[in-house]
Amino acid sequence: MWDEPYLETCCRSALHRLWLAGQIGRPPALKDGPCLRRLHELGFASRDGDSRYLISEIGKDRHRQEIAPVKPSA
């Protein structure tokens, strides 16, 4: 994880919102637009034909690692 790009708190929040949005995606003209562009540049998001941002497979992996890791039940 140390060799992965650091995500600011705002970008981690934007990644989580992308994950919540699912296949609907997020439009670019929102307050988190700069973070969505950064996530796209890092490969954590992709763009669809309507220019909406969607979470990529790499983004889903990063979300699982950093934002919502699954903890084994006891």
# chains A, B, ... in the order shown; residues from 1 in each chain; ligands from 1

$ select_by_dssp --residues "chain A" --states "helix (DSSP H, G or I)" --output "PyMOL selection string"
chain A and resi 9-24+33-42+57-67

$ write_last_selection --atoms "N, CA and C atoms" --output "tab-separated table (two decimals), in the first residue's frame"
chain	number	residue	atom	x	y	z
A	9	THR	N	-8.59	12.97	1.93
A	9	THR	CA	-9.89	12.62	2.50
A	9	THR	C	-11.03	12.91	1.53
A	10	CYS	N	-10.95	14.04	0.82
A	10	CYS	CA	-12.02	14.39	-0.12
A	10	CYS	C	-12.08	13.38	-1.27
A	11	CYS	N	-10.92	12.90	-1.72
A	11	CYS	CA	-10.90	11.93	-2.82
A	11	CYS	C	-11.37	10.56	-2.35
A	12	ARG	N	-11.06	10.20	-1.11
A	12	ARG	CA	-11.59	8.93	-0.58
A	12	ARG	C	-13.10	9.00	-0.49
A	13	SER	N	-13.62	10.15	-0.09
A	13	SER	CA	-15.08	10.33	-0.03
A	13	SER	C	-15.69	10.24	-1.42
A	14	ALA	N	-15.04	10.85	-2.40
A	14	ALA	CA	-15.53	10.78	-3.78
A	14	ALA	C	-15.50	9.35	-4.30
A	15	LEU	N	-14.46	8.60	-3.95
A	15	LEU	CA	-14.39	7.19	-4.35
A	15	LEU	C	-15.53	6.41	-3.73
A	16	HIS	N	-15.83	6.68	-2.47
A	16	HIS	CA	-16.95	5.99	-1.82
A	16	HIS	C	-18.27	6.36	-2.49
A	17	ARG	N	-18.46	7.62	-2.85
A	17	ARG	CA	-19.70	8.01	-3.55
A	17	ARG	C	-19.80	7.33	-4.92
A	18	LEU	N	-18.66	7.16	-5.59
A	18	LEU	CA	-18.67	6.42	-6.87
A	18	LEU	C	-19.12	4.99	-6.64
A	19	TRP	N	-18.60	4.39	-5.58
A	19	TRP	CA	-18.98	3.01	-5.27
A	19	TRP	C	-20.48	2.92	-4.97
A	20	LEU	N	-21.00	3.90	-4.23
A	20	LEU	CA	-22.43	3.91	-3.91
A	20	LEU	C	-23.29	4.14	-5.16
A	21	ALA	N	-22.79	4.94	-6.10
A	21	ALA	CA	-23.55	5.26	-7.30
A	21	ALA	C	-23.69	4.06	-8.24
A	22	GLY	N	-22.76	3.12	-8.17
A	22	GLY	CA	-22.84	1.92	-9.01
A	22	GLY	C	-22.81	2.26	-10.49
A	23	GLN	N	-23.67	1.60	-11.26
A	23	GLN	CA	-23.68	1.76	-12.71
A	23	GLN	C	-24.30	3.09	-13.16
A	24	ILE	N	-24.93	3.79	-12.26
A	24	ILE	CA	-25.48	5.11	-12.61
A	24	ILE	C	-24.35	6.12	-12.77
A	33	GLY	N	-16.07	17.26	-8.43
A	33	GLY	CA	-15.51	17.15	-9.78
A	33	GLY	C	-13.99	17.07	-9.82
A	34	PRO	N	-13.27	17.93	-9.07
A	34	PRO	CA	-11.81	17.82	-9.09
A	34	PRO	C	-11.30	16.46	-8.59
A	35	CYS	N	-11.96	15.93	-7.57
A	35	CYS	CA	-11.56	14.61	-7.06
A	35	CYS	C	-11.91	13.52	-8.06
A	36	LEU	N	-13.05	13.64	-8.72
A	36	LEU	CA	-13.42	12.65	-9.74
A	36	LEU	C	-12.40	12.66	-10.88
A	37	ARG	N	-11.95	13.85	-11.27
A	37	ARG	CA	-10.92	13.94	-12.32
A	37	ARG	C	-9.62	13.29	-11.85
A	38	ARG	N	-9.24	13.53	-10.60
A	38	ARG	CA	-8.02	12.91	-10.08
A	38	ARG	C	-8.16	11.40	-10.02
A	39	LEU	N	-9.31	10.91	-9.56
A	39	LEU	CA	-9.54	9.47	-9.51
A	39	LEU	C	-9.45	8.86	-10.92
A	40	HIS	N	-9.97	9.59	-11.90
A	40	HIS	CA	-9.90	9.13	-13.29
A	40	HIS	C	-8.44	9.08	-13.75
A	41	GLU	N	-7.67	10.10	-13.44
A	41	GLU	CA	-6.25	10.13	-13.82
A	41	GLU	C	-5.47	8.99	-13.18
A	42	LEU	N	-5.84	8.61	-11.97
A	42	LEU	CA	-5.16	7.53	-11.26
A	42	LEU	C	-5.67	6.15	-11.67
A	57	GLU	N	-12.47	-1.23	-11.84
A	57	GLU	CA	-12.11	-2.40	-11.05
A	57	GLU	C	-10.98	-2.06	-10.07
A	58	ILE	N	-10.02	-1.26	-10.54
A	58	ILE	CA	-8.93	-0.83	-9.66
A	58	ILE	C	-9.49	0.03	-8.52
A	59	GLY	N	-10.48	0.86	-8.84
A	59	GLY	CA	-11.13	1.68	-7.83
A	59	GLY	C	-11.88	0.84	-6.81
A	60	LYS	N	-12.53	-0.22	-7.29
A	60	LYS	CA	-13.23	-1.13	-6.36
A	60	LYS	C	-12.24	-1.80	-5.43
A	61	ASP	N	-11.10	-2.21	-5.98
A	61	ASP	CA	-10.06	-2.83	-5.13
A	61	ASP	C	-9.57	-1.85	-4.07
A	62	ARG	N	-9.31	-0.61	-4.50
A	62	ARG	CA	-8.83	0.41	-3.54
A	62	ARG	C	-9.89	0.71	-2.49
A	63	HIS	N	-11.15	0.73	-2.90
A	63	HIS	CA	-12.25	0.95	-1.96
A	63	HIS	C	-12.27	-0.17	-0.91
A	64	ARG	N	-12.12	-1.41	-1.37
A	64	ARG	CA	-12.11	-2.55	-0.44
A	64	ARG	C	-10.92	-2.46	0.53
A	65	GLN	N	-9.76	-2.02	0.05
A	65	GLN	CA	-8.57	-1.96	0.88
A	65	GLN	C	-8.62	-0.83	1.90
A	66	GLU	N	-9.04	0.33	1.45
A	66	GLU	CA	-8.84	1.53	2.26
A	66	GLU	C	-10.12	2.07	2.91
A	67	ILE	N	-11.24	1.92	2.26
A	67	ILE	CA	-12.46	2.58	2.75
A	67	ILE	C	-13.38	1.61	3.48

$ closest_residue --among "A:Phe44, A:Glu4, A:Leu30, A:Ala68" --to "Ser56 of chain A" --atoms "only C-alpha atoms"
A:Phe44

$ atom_distance --atom1 "atom CA of Ile55 of chain A" --atom2 "atom CA of Lys31 of chain A"
17.3 Å

$ residues_around --residues "Leu54 of chain A" --least-positions-apart "5" --cutoff "7 Å" --atoms "only C-alpha atoms" --output "list in words"
Leu18, Gln23, Gly25, Arg26, Ala45, Ser46 and Arg47 of chain A

$ select_by_dssp --residues "chain A" --states "strand (DSSP E or B)" --output "VMD selection string"
chain A and resid 26 45 to 47 53 to 55

$ write_last_selection --atoms "C-alpha atoms" --output "tab-separated table (two decimals), in the first residue's frame"
chain	number	residue	atom	x	y	z
A	26	ARG	CA	-21.56	10.49	-11.01
A	45	ALA	CA	-12.60	5.80	-12.19
A	46	SER	CA	-13.61	5.64	-15.83
A	47	ARG	CA	-15.95	7.73	-17.98
A	53	TYR	CA	-17.70	8.90	-13.82
A	54	LEU	CA	-17.91	5.22	-12.91
A	55	ILE	CA	-15.78	3.30	-10.44
